[in-house]
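Chemist: What follows is query_7.txt; its format and atoms are compact mmCIF, C-alpha atoms.
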```
# COMPACT_ATOMS: atom_id res chain seq x y z
CA MET A 1 -94.98 62.22 30.71
CA THR A 2 -92.72 59.65 32.31
CA VAL A 3 -93.77 57.44 35.13
CA SER A 4 -91.65 58.01 38.19
CA GLY A 5 -89.06 55.29 38.57
CA LEU A 6 -88.65 54.69 34.86
CA PRO A 7 -85.62 57.02 34.51
CA GLU A 8 -83.81 55.35 37.40
CA LEU A 9 -84.36 51.90 35.96
CA MET A 10 -83.33 53.06 32.48
CA THR A 11 -80.15 54.72 33.77
CA VAL A 12 -78.96 51.45 35.28
CA LEU A 13 -80.05 49.50 32.18
CA ALA A 14 -78.28 51.97 29.85
CA CYS A 15 -74.97 51.74 31.76
CA ALA A 16 -75.26 47.93 31.91
CA VAL A 17 -75.93 47.60 28.16
CA LEU A 18 -73.06 49.98 27.36
CA VAL A 19 -70.60 48.03 29.52
CA ILE A 20 -71.78 44.65 28.21
CA GLY A 21 -71.35 45.77 24.61
CA LEU A 22 -67.99 47.43 25.19
CA SER A 23 -66.51 44.49 27.13
CA ALA A 24 -67.69 42.00 24.51
CA HIS A 25 -66.32 44.21 21.75
CA LEU A 26 -62.89 44.03 23.35
CA LEU A 27 -63.00 40.33 24.31
CA VAL A 28 -64.62 38.62 21.31
CA ALA A 29 -62.29 37.54 18.50
CA ASP A 30 -64.84 36.99 15.71
CA LEU A 31 -65.08 40.18 13.62
CA PHE A 32 -68.79 39.81 12.90
CA ARG A 33 -69.65 39.43 16.59
CA ARG A 34 -67.39 42.37 17.38
CA ILE A 35 -69.45 44.58 15.09
CA ILE A 36 -72.65 43.40 16.79
CA SER A 37 -71.14 44.12 20.22
CA LEU A 38 -70.24 47.63 19.14
CA ASN A 39 -73.84 48.12 18.02
CA VAL A 40 -75.07 46.90 21.41
CA ALA A 41 -72.73 49.36 23.14
CA SER A 42 -74.04 52.19 20.98
CA GLY A 43 -77.57 51.19 22.04
CA GLY A 44 -76.47 51.76 25.64
CA VAL A 45 -75.04 55.19 24.83
CA MET A 46 -78.25 56.20 23.07
CA MET A 47 -80.33 54.98 26.00
CA LEU A 48 -78.22 57.03 28.41
CA LEU A 49 -78.63 60.21 26.32
CA LEU A 50 -82.38 59.69 26.02
CA VAL A 51 -82.73 59.13 29.75
CA LEU A 52 -80.86 62.39 30.34
CA ALA A 53 -83.27 64.08 27.91
CA VAL A 54 -86.33 63.26 30.05
CA ARG A 55 -84.88 64.13 33.46
CA GLY A 56 -86.52 66.85 35.47
CA PRO A 57 -90.12 67.30 36.59
CA GLY A 58 -92.46 64.86 34.88
CA ASP A 59 -94.69 67.31 33.02
CA GLN A 60 -91.92 68.98 30.99
CA ASP A 61 -91.30 68.32 27.34
CA PRO A 62 -88.12 66.26 26.74
CA ASP A 63 -84.83 68.01 25.94
CA PRO A 64 -84.52 68.03 22.13
CA VAL A 65 -80.72 68.43 22.07
CA PRO A 66 -79.74 64.92 23.28
CA GLN A 67 -82.55 63.49 21.16
CA ALA A 68 -81.07 65.13 18.06
CA LEU A 69 -77.61 63.80 19.02
CA VAL A 70 -79.02 60.27 19.23
CA LEU A 71 -80.75 60.64 15.87
CA THR A 72 -77.42 61.65 14.32
CA GLY A 73 -75.76 58.73 16.11
CA ILE A 74 -78.19 56.16 14.72
CA VAL A 75 -77.46 57.18 11.12
CA ILE A 76 -73.71 57.16 11.76
CA MET A 77 -73.88 53.76 13.44
CA ALA A 78 -75.74 52.28 10.47
CA ALA A 79 -73.15 53.71 8.07
CA VAL A 80 -70.21 52.57 10.19
CA THR A 81 -71.72 49.09 10.57
CA GLY A 82 -71.96 48.84 6.79
CA LEU A 83 -68.33 49.90 6.32
CA ALA A 84 -67.14 47.59 9.09
CA LEU A 85 -68.96 44.62 7.56
CA ALA A 86 -67.42 45.39 4.18
CA LEU A 87 -63.96 45.45 5.79
CA ALA A 88 -64.64 42.24 7.75
CA ARG A 89 -65.77 40.52 4.56
CA ARG A 90 -62.54 41.44 2.82
CA VAL A 91 -60.47 40.25 5.79
CA GLU A 92 -62.18 36.85 5.62
CA ASP A 93 -62.21 36.66 1.84
CA PRO A 94 -60.36 33.57 0.56
CA ALA A 95 -59.18 35.64 -2.43
CA ASP A 96 -57.13 37.80 -0.07
CA GLU A 97 -55.70 34.79 1.74
CA ASP A 98 -52.15 35.25 0.41
CA ASP A 99 -51.84 38.76 1.80
CA ARG A 100 -52.80 37.54 5.20
CA ASP A 101 -50.31 34.72 5.24
CA GLU A 102 -47.54 37.14 4.43
CA GLU A 103 -48.55 39.40 7.28
CA THR A 104 -48.39 36.70 9.94
CA PRO A 105 -44.78 35.72 10.59
CA MET B 106 -95.21 52.62 40.90
CA MET B 107 -93.66 51.22 37.81
CA PRO B 108 -95.85 49.54 35.23
CA LEU B 109 -95.15 45.88 34.73
CA LEU B 110 -94.67 46.47 31.01
CA ASP B 111 -91.63 48.71 31.61
CA LEU B 112 -90.02 46.12 33.86
CA ILE B 113 -90.59 43.38 31.28
CA LEU B 114 -89.27 45.62 28.50
CA ALA B 115 -86.14 46.53 30.47
CA GLY B 116 -85.57 42.87 31.36
CA THR B 117 -85.88 41.66 27.78
CA VAL B 118 -83.60 44.44 26.52
CA LEU B 119 -80.93 43.30 28.95
CA VAL B 120 -81.39 39.62 28.09
CA THR B 121 -81.25 40.20 24.32
CA ALA B 122 -78.17 42.44 24.73
CA VAL B 123 -76.39 39.66 26.66
CA LEU B 124 -77.51 37.04 24.13
CA ALA B 125 -76.36 39.19 21.20
CA VAL B 126 -72.82 39.46 22.56
CA LEU B 127 -72.52 35.96 24.06
CA ALA B 128 -74.06 33.78 21.34
CA PRO B 129 -71.15 31.88 19.80
CA ARG B 130 -72.78 31.52 16.40
CA ARG B 131 -73.08 34.45 14.05
CA ASP B 132 -76.68 33.81 13.05
CA ALA B 133 -77.78 33.51 16.67
CA ALA B 134 -75.97 36.75 17.54
CA ALA B 135 -77.54 38.54 14.57
CA SER B 136 -81.07 37.39 15.44
CA ALA B 137 -80.66 38.41 19.08
CA PHE B 138 -79.39 41.80 17.94
CA LEU B 139 -82.38 42.28 15.63
CA ILE B 140 -84.77 41.61 18.53
CA PHE B 141 -82.67 44.01 20.64
CA GLY B 142 -83.16 46.69 17.98
CA VAL B 143 -86.94 46.27 17.88
CA LEU B 144 -87.13 46.40 21.68
CA LEU B 145 -84.99 49.55 21.68
CA ALA B 146 -87.50 51.20 19.34
CA LEU B 147 -90.25 50.39 21.86
CA LEU B 148 -88.10 51.72 24.67
CA TRP B 149 -87.45 55.00 22.84
CA ALA B 150 -91.19 55.43 22.47
CA ARG B 151 -91.50 54.97 26.25
CA LEU B 152 -88.78 57.60 26.77
CA GLU B 153 -90.82 60.22 24.88
CA ALA B 154 -88.61 60.07 21.81
CA PRO B 155 -90.88 59.14 18.89
CA ASP B 156 -88.35 60.55 16.38
CA ILE B 157 -85.68 58.18 17.64
CA ALA B 158 -88.12 55.27 17.76
CA LEU B 159 -88.94 55.82 14.07
CA ALA B 160 -85.27 56.10 13.11
CA GLU B 161 -84.31 53.07 15.20
CA ALA B 162 -87.03 50.95 13.63
CA ALA B 163 -85.99 52.04 10.12
CA LEU B 164 -82.19 52.13 10.56
CA GLY B 165 -81.28 50.06 13.60
CA GLY B 166 -83.82 47.36 12.84
CA GLY B 167 -84.17 47.67 9.07
CA VAL B 168 -80.90 48.74 7.50
CA ALA B 169 -78.51 47.28 10.09
CA GLY B 170 -80.60 44.11 10.19
CA ALA B 171 -80.47 43.71 6.42
CA LEU B 172 -76.69 44.31 6.45
CA LEU B 173 -76.08 41.78 9.22
CA VAL B 174 -78.33 39.08 7.80
CA ASP B 175 -76.79 39.60 4.38
CA ALA B 176 -73.32 39.21 5.89
CA LEU B 177 -74.30 35.79 7.25
CA HIS B 178 -74.09 34.48 3.68
CA SER B 179 -70.35 34.71 3.85
CA ARG B 180 -68.97 32.25 1.32
CA ARG B 181 -66.60 30.77 3.80
CA PRO B 182 -67.69 29.85 7.29
CA PRO B 183 -65.66 31.80 9.82
CA GLN B 184 -62.54 30.08 10.99
CA PRO B 185 -62.69 28.72 14.50
CA GLN B 186 -61.20 31.54 16.48
CA ALA B 187 -59.03 30.95 19.47
CA ALA B 188 -61.20 31.68 22.47
CA SER B 189 -59.83 34.40 24.69
CA SER B 190 -58.05 33.04 27.71
CA TRP B 191 -59.67 32.89 31.12
CA ALA B 192 -57.28 35.51 32.41
CA ALA B 193 -58.43 37.90 29.67
CA ARG B 194 -62.08 37.15 30.41
CA ILE B 195 -61.73 37.69 34.13
CA THR B 196 -59.76 40.91 33.61
CA GLY B 197 -62.39 42.04 31.11
CA ALA B 198 -65.25 41.29 33.46
CA ALA B 199 -63.51 43.09 36.34
CA ALA B 200 -62.74 46.10 34.17
CA GLY B 201 -66.34 46.07 32.95
CA ALA B 202 -67.68 46.02 36.52
CA ALA B 203 -65.38 48.89 37.50
CA LEU B 204 -66.49 50.87 34.44
CA LEU B 205 -70.16 50.19 35.26
CA ALA B 206 -69.67 51.45 38.82
CA ALA B 207 -67.84 54.57 37.62
CA LEU B 208 -70.51 55.26 35.00
CA LEU B 209 -73.34 54.91 37.49
CA ILE B 210 -71.64 57.25 39.94
CA GLY B 211 -70.98 59.74 37.16
CA VAL B 212 -74.47 59.64 35.70
CA ARG B 213 -76.12 59.94 39.08
CA ALA B 214 -74.06 63.06 39.78
CA VAL B 215 -75.72 64.82 36.82
CA PRO B 216 -78.20 67.38 38.17
CA GLN B 217 -81.80 66.25 37.92
CA ALA B 218 -83.11 69.50 36.43
CA ARG B 219 -83.45 69.90 32.68
CA ALA B 220 -80.38 71.37 31.00
CA PRO B 221 -80.54 75.14 30.32
CA LEU B 222 -79.85 74.42 26.66
CA ALA B 223 -83.31 72.84 26.39
CA GLU B 224 -85.01 76.05 27.55
CA GLU B 225 -83.07 77.99 24.93
CA ALA B 226 -83.97 75.48 22.25
CA TYR B 227 -87.68 75.80 23.03
CA ALA B 228 -87.51 79.59 23.34
CA ARG B 229 -86.05 80.04 19.87
CA ILE B 230 -88.47 77.74 18.01
CA PRO B 231 -90.43 80.71 16.52
CA VAL B 232 -87.32 81.97 14.70
CA SER B 233 -85.95 78.52 13.76
CA GLY B 234 -88.14 78.03 10.69
CA VAL B 235 -89.70 74.75 11.88
CA GLU B 236 -92.13 73.84 14.63
CA HIS B 237 -90.66 70.53 15.72
CA PRO B 238 -87.87 71.03 18.29
CA VAL B 239 -85.76 68.02 17.25
CA THR B 240 -85.76 69.13 13.61
CA ALA B 241 -84.89 72.66 14.76
CA VAL B 242 -81.86 71.31 16.64
CA LEU B 243 -80.77 69.11 13.73
CA LEU B 244 -81.05 71.62 10.91
CA ASN B 245 -80.79 75.00 12.56
CA TYR B 246 -79.13 75.24 15.99
CA ARG B 247 -76.70 72.38 15.55
CA SER B 248 -76.57 71.96 11.80
CA TYR B 249 -72.79 71.40 12.03
CA ASP B 250 -73.61 68.00 13.55
CA THR B 251 -75.80 67.13 10.62
CA LEU B 252 -73.22 68.41 8.15
CA LEU B 253 -70.55 66.21 9.70
CA GLU B 254 -72.95 63.29 9.92
CA ILE B 255 -73.70 63.42 6.22
CA ALA B 256 -69.94 63.63 5.62
CA VAL B 257 -69.42 60.46 7.68
CA LEU B 258 -72.16 58.71 5.72
CA ALA B 259 -70.61 59.78 2.40
CA VAL B 260 -67.15 58.56 3.48
CA ALA B 261 -68.56 55.24 4.73
CA ALA B 262 -70.48 54.75 1.49
CA LEU B 263 -67.42 55.54 -0.62
CA GLY B 264 -65.31 53.22 1.54
CA ALA B 265 -67.77 50.36 1.24
CA ALA B 266 -68.06 50.96 -2.51
CA ALA B 267 -64.27 50.93 -2.84
CA LEU B 268 -64.06 47.61 -0.98
CA ALA B 269 -66.78 46.00 -3.09
CA GLN B 270 -65.58 43.41 -5.54
CA GLY B 271 -67.61 44.25 -8.58
CA HIS B 272 -71.10 45.58 -9.07
CA ARG B 273 -74.15 43.66 -8.15
CA PRO B 274 -75.95 43.32 -11.46
CA VAL B 275 -79.58 44.18 -12.00
CA VAL B 276 -81.17 40.78 -12.43
CA ARG B 277 -84.77 40.42 -13.48
CA SER B 278 -86.34 38.58 -10.57
CA ARG B 279 -89.30 36.25 -10.31
CA PRO B 280 -92.72 37.73 -11.11
CA ALA B 281 -93.90 37.35 -7.52
CA VAL B 282 -90.97 39.38 -6.19
CA ARG B 283 -91.42 41.97 -8.91
CA GLY B 284 -95.15 42.26 -8.23
CA LEU B 285 -94.55 42.64 -4.51
CA ALA B 286 -91.96 45.33 -5.19
CA LEU B 287 -94.36 47.21 -7.45
CA VAL B 288 -96.91 47.24 -4.63
CA LEU B 289 -94.38 48.13 -1.93
CA LEU B 290 -92.46 50.85 -3.72
CA PRO B 291 -95.25 53.46 -4.07
CA VAL B 292 -96.15 52.93 -0.40
CA LEU B 293 -92.53 53.38 0.69
CA LEU B 294 -92.09 56.48 -1.45
CA LEU B 295 -95.33 58.03 -0.17
CA LEU B 296 -94.35 57.24 3.43
CA ALA B 297 -90.89 58.75 2.91
CA ALA B 298 -92.34 61.92 1.44
CA TRP B 299 -94.85 62.21 4.27
CA LEU B 300 -92.16 61.68 6.94
CA LEU B 301 -90.02 64.33 5.29
CA VAL B 302 -92.72 67.00 5.22
CA ALA B 303 -94.16 66.01 8.60
CA GLY B 304 -90.70 66.48 10.13
CA THR B 305 -91.14 70.25 10.23
CA SER B 306 -94.02 70.10 12.68
CA GLN B 307 -94.05 66.60 14.25
CA PRO B 308 -91.83 63.53 14.64
CA GLY B 309 -90.22 62.56 11.36
CA GLY B 310 -87.66 64.18 9.12
CA ALA B 311 -84.84 63.65 6.68
CA PHE B 312 -83.17 60.71 8.44
CA GLN B 313 -86.25 58.54 8.74
CA ALA B 314 -87.32 59.43 5.22
CA GLY B 315 -83.81 58.68 3.97
CA ALA B 316 -83.82 55.25 5.59
CA LEU B 317 -87.12 54.44 3.86
CA LEU B 318 -85.77 55.70 0.53
CA GLY B 319 -82.70 53.51 0.97
CA ALA B 320 -84.92 50.50 1.63
CA ALA B 321 -87.00 51.35 -1.42
CA LEU B 322 -83.88 51.59 -3.59
CA VAL B 323 -82.58 48.22 -2.38
CA ILE B 324 -85.97 46.57 -2.94
CA ALA B 325 -86.22 48.06 -6.42
CA HIS B 326 -82.71 46.89 -7.24
CA LEU B 327 -83.24 43.37 -5.92
CA ALA B 328 -86.53 43.11 -7.79
CA GLY B 329 -84.67 43.91 -10.99
CA ILE B 330 -86.03 47.35 -11.72
CA GLY B 331 -83.35 48.73 -13.99
CA LEU B 332 -83.58 52.35 -12.97
CA ALA B 333 -82.47 51.64 -9.42
CA ARG B 334 -78.68 51.43 -9.63
CA PRO B 335 -77.20 52.79 -6.43
CA GLN B 336 -73.77 51.56 -7.57
CA GLY B 337 -73.97 53.46 -10.82
CA LEU B 338 -72.71 56.95 -11.43
CA ALA B 339 -76.03 58.57 -10.55
CA GLY B 340 -76.15 56.69 -7.25
CA LEU B 341 -72.67 57.91 -6.41
CA ALA B 342 -73.59 61.47 -7.36
CA TRP B 343 -76.69 61.39 -5.14
CA THR B 344 -74.64 59.96 -2.28
CA LEU B 345 -72.38 63.01 -2.43
CA ALA B 346 -75.16 65.49 -3.26
CA GLY B 347 -76.27 65.88 0.37
CA LEU B 348 -72.78 66.76 1.58
CA LEU B 349 -72.08 69.08 -1.34
CA SER B 350 -75.36 70.99 -1.11
CA PHE B 351 -75.00 71.32 2.65
CA LEU B 352 -71.51 72.74 2.10
CA ALA B 353 -72.90 75.08 -0.53
CA LEU B 354 -75.53 76.30 1.94
CA ALA B 355 -72.84 76.81 4.59
CA ALA B 356 -70.64 78.75 2.18
CA GLY B 357 -73.61 80.78 0.95
CA THR B 358 -74.64 81.83 4.45
CA ALA B 359 -71.03 82.62 5.30
CA VAL B 360 -70.52 84.87 2.28
CA PHE B 361 -73.94 86.48 1.85
CA GLY B 362 -75.59 85.95 5.22
CA ALA B 363 -74.88 86.37 8.89
CA GLY B 364 -72.30 83.58 9.15
CA TRP B 365 -71.69 79.85 8.73
CA LEU B 366 -75.06 78.09 8.65
CA VAL B 367 -76.87 80.96 10.37
CA LEU B 368 -80.33 80.81 8.78
CA ASP B 369 -82.41 83.96 8.39
CA PRO B 370 -85.91 83.36 9.83
CA ALA B 371 -87.36 84.85 6.63
CA TRP B 372 -86.21 82.02 4.38
CA ALA B 373 -85.28 79.38 6.95
CA PRO B 374 -88.43 77.20 6.44
CA GLY B 375 -87.83 76.84 2.71
CA ALA B 376 -84.11 76.31 3.07
CA ILE B 377 -84.59 73.67 5.76
CA LEU B 378 -87.18 71.73 3.77
CA ALA B 379 -85.06 71.89 0.62
CA ILE B 380 -81.89 70.73 2.36
CA GLU B 381 -83.88 68.02 4.14
CA ALA B 382 -85.24 66.73 0.83
CA ILE B 383 -81.73 66.54 -0.66
CA LEU B 384 -80.40 64.95 2.54
CA ALA B 385 -83.14 62.31 2.50
CA VAL B 386 -82.34 61.25 -1.08
CA SER B 387 -78.64 61.38 -0.31
CA ILE B 388 -78.99 59.25 2.82
CA GLY B 389 -81.14 56.80 0.90
CA ALA B 390 -78.63 56.55 -1.95
CA GLY B 391 -75.74 56.20 0.51
CA LEU B 392 -77.38 53.45 2.54
CA ALA B 393 -78.38 51.56 -0.61
CA LEU B 394 -74.82 51.91 -1.92
CA ILE B 395 -73.43 50.52 1.35
CA PHE B 396 -75.84 47.58 1.27
CA LEU B 397 -75.24 46.67 -2.36
CA SER B 398 -71.47 47.08 -2.04
CA ASN B 399 -71.60 44.59 0.79
CA SER B 400 -73.62 42.07 -1.13
CA ALA B 401 -71.70 42.63 -4.37
CA SER B 402 -68.82 40.45 -3.26
CA LEU B 403 -71.23 37.52 -3.21
CA GLN B 404 -71.48 37.81 -6.96
CA GLN B 405 -67.75 37.69 -7.45
CA ASN B 406 -67.67 34.13 -8.67
CA GLY B 407 -71.03 34.37 -10.36
CA PRO B 408 -71.66 34.74 -14.07
CA ALA B 409 -71.58 38.52 -13.93
CA GLY B 410 -68.53 38.85 -11.77
CA GLU B 411 -66.65 41.12 -14.11
CA PRO B 412 -66.03 44.19 -12.02
CA GLY B 413 -67.23 47.45 -13.42
CA ARG B 414 -69.12 46.03 -16.33
CA ALA B 415 -71.79 43.97 -14.67
CA ALA B 416 -74.02 46.93 -13.85
CA GLU B 417 -73.83 48.36 -17.33
CA ALA B 418 -75.25 45.36 -19.13
CA GLU B 419 -78.29 43.50 -17.92
CA PRO B 420 -77.49 39.79 -18.02
CA PRO B 421 -79.63 37.58 -20.25
CA ALA B 422 -82.93 36.43 -18.83
CA GLY B 423 -82.63 33.32 -16.77
CA ALA B 424 -79.33 34.23 -15.20
CA PRO B 425 -79.22 32.90 -11.65
CA SER B 426 -80.06 35.59 -9.15
```
Please lay out the structure from this file as structure tokens.
Modeler:
Amino acid sequence: MTVSGLPELMTVLACAVLVIGLSAHLLVADLFRRIISLNVASGGVMMLLLVLAVRGPGDQDPDPVPQALVLTGIVIMAAVTGLALALARRVEDPADEDDRDEETP
Amino acid sequence: MMPLLDLILAGTVLVTAVLAVLAPRRDAAASAFLIFGVLLALLWARLEAPDIALAEAALGGGVAGALLVDALHSRRPPQPQAASSWAARITGAAAGAALLAALLIGVRAVPQARAPLAEEAYARIPVSGVEHPVTAVLLNYRSYDTLLEIAVLAVAALGAAALAQGHRPVVRSRPAVRGLALVLLPVLLLLAAWLLVAGTSQPGGAFQAGALLGAALVIAHLAGIGLARPQGLAGLAWTLAGLLSFLALAAGTAVFGAGWLVLDPAWAPGAILAIEAILAVSIGAGLALIFLSNSASLQQNGPAGEPGRAAEAEPPAGAPS
């Protein structure tokens, strides 16, 4: 049972977190911080879906469909974060330095 | 009337989100993000989503946290990056504000009643084979989502493994670490098994159990328990097993049953529990493979940096861990 007012607050919070993460993801140059920003943005998306799952009269059970979508999203985000970190590590690896110098004119 | 706790929780979530993206140093950003993840788990519990809270605590806090903290040990400090220009920042902030306004307008336009899909999901629980609605959605109504999810995990794990520079060897660790692992591992395995079985009737399920199994595998590997080799052939096979068995189930139902992934109520409970068990092990193996592939590059210049061979032979005792 949700307390009235909680969904409204969470809707605004979810949109704010999503926009903060997305903007930082596009503006920050450091790869590691970019990955963190993307994770923050995904937190906002999940919050939005979960708020939509509890809308309606207070005594109803939450909607399981958005909740299942978020559960899927969490696993995918963890996997994608791992792959992104592996890629970022290789980009910054001194052993691959030569390749990078050739790429930049 | 809103409880004070919710206001504080919402406020701290916002503050940690801002800190996580604004902190100039990587370690500060990672710590802020870890706190953000723990607070999110609390928030999910407040939003009547105990399944998500469990998964967030295990995956968002645990696995992602371990990956990020591990990545801080980068052998070379990051190069000073050129800060984005003020014009870019102002444009970004303006675009962000416009997006926020558009999002709020859009979300508020969503009707306040519960979606009709939810009614259908609850109505068909008796024929879904499980009692817990979220598990029913994940493994019966929308099992395509889960099939594709496990495919994404398998591809990410293979990608990370392909990028790894060498295997992280099994190194016999200090007795204290080993002892702690021997205490922790049975607890983790029991908890994972309980979460898996509980998922049919209450919050829990394959994803949360899989995250715990992944953590157990990483702990076992780091403590030097030789059997746990997520980067070995068996680890790779288990990583793919979830996807392959899910595909086999899909093909089986398509050929012999009513259609792609349409489960007959008669054998749905058994099929769901079996596929969940395979998925949990597969998710665990995949996550452990991703983690160890990431940390393997640390060992590149170490004594066992020979790619491909390090995992086969246990280095002599006393090798630096």
Chemist: Expressed in Å to a single decimal, how great is the separation between CA of Ala163 in chain B and CA of Ser398 in chain B?
Modeler: 19.6 Å
Chemist: Counting all atoms listed in the file, which residue out of A:Pro62, A:Met47, A:Val28, A:Ser42 sits closest to Ile76 in chain A?
Modeler: A:Ser42
Chemist: Within 6 Å of chain B, which residues of chain A show up? Give each one with its shortest atom-to-atom distance in Å (one decimal) and the two atoms involved, counting all atoms listed in the file, rows by chain then rising residue number, as a Markdown table.
Modeler:
```
| residue | atom | partner | partner_atom | distance |
| --- | --- | --- | --- | --- |
| A:Val19 | CA | B:Gly201 | CA | 5.8 |
| A:Ser37 | CA | B:Val126 | CA | 5.5 |
| A:Arg55 | CA | B:Gln217 | CA | 5.8 |
| A:Gly56 | CA | B:Ala218 | CA | 4.4 |
| A:Asp63 | CA | B:Ala223 | CA | 5.1 |
| A:Pro64 | CA | B:Val239 | CA | 5.0 |
| A:Ala68 | CA | B:Val239 | CA | 5.6 |
| A:Leu71 | CA | B:Ile157 | CA | 5.8 |
| A:Ala78 | CA | B:Ala169 | CA | 5.7 |
| A:Ala79 | CA | B:Leu258 | CA | 5.6 |
| A:Gly82 | CA | B:Ile395 | CA | 5.9 |
| A:Leu83 | CA | B:Ala265 | CA | 5.1 |
| A:Ala86 | CA | B:Asn399 | CA | 5.4 |
```
Chemist: For CA of Met77 in chain A and CA of Glu92 in chain A, quote the distance in Å rounded to one decimal.
Modeler: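 The value is 22.0 Å.
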Chemist: If we count only C-alpha atoms and set the cut-off at 7 Å, which residues sit around Phe351 in chain B, ignoring sequence neighbours fewer than 3 positions away in its own chain? Please answer as an NGL selection string.
Modeler: :B and (252 or 347-348 or 354-355 or 380)
Chemist: Choose the residue, out of A:Val17, A:Leu27, A:Leu87, A:Ile35, that has the smallest atom-to-atom separation from Ala192 in chain B; count only C-alpha atoms.
Modeler: A:Leu27
Chemist: Under the rule that only C-alpha atoms are counted, which of B:Ala328, B:Leu293, B:Ala311, B:Val288 is the nearest residue to Pro274 in chain B?
Modeler: B:Ala328
Chemist: In Å to one decimal, how far is CA of Val75 in chain A from CA of Gly364 in chain B?
Modeler: 27.0 Å
Chemist: Please report, as JSON, the centre and edge lengths in Å to one decimal of an axis-aligned box covering all listed atoms of range 302-312 of chain B with 8 Å per side.
Modeler:
```
{"center_x": -88.7, "center_y": 65.5, "center_z": 9.9, "size_x": 27.0, "size_y": 25.5, "size_z": 25.4}
```
Chemist: Can you work out which one of A:Ala41, A:Ile20, A:Leu69, A:Cys15 has the shortest atom-to-atom distance to Ala53 in chain A, counting all atoms listed in the file?
Modeler: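 Checking each candidate against Ala53 in chain A, we get A:Leu69 as the closest.
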Chemist: Give as a list in words the set of residues within 6 Å of the point (-66.8, 80.5, 5.6), where distances use the file's coordinates and all atoms listed in the file.
Modeler: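 Counting all atoms listed in the file, I find these residues within 6 Å of (-66.8, 80.5, 5.6): Ala356, Ala359 and Trp365 of chain B.
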Chemist: Got time to write the residues from that selection, C-alpha atoms, as a short mmCIF file (atom, residue, chain, number, x, y, z; two decimals), in the coordinates of the input?
Modeler:
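Full text of part26.cif as output:
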```cif
data_model
loop_
_atom_site.label_atom_id
_atom_site.label_comp_id
_atom_site.auth_asym_id
_atom_site.auth_seq_id
_atom_site.Cartn_x
_atom_site.Cartn_y
_atom_site.Cartn_z
CA ALA B 356 -70.64 78.75 2.18
CA ALA B 359 -71.03 82.62 5.30
CA TRP B 365 -71.69 79.85 8.73
#
```
Chemist: Calculated over all atoms listed in the file, which of the candidates B:Gly362, B:Pro370, B:Gly331, B:Gly211 has the smallest distance to Val275 in chain B?
Modeler: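 Closest residue, counting all atoms listed in the file: B:Gly331.
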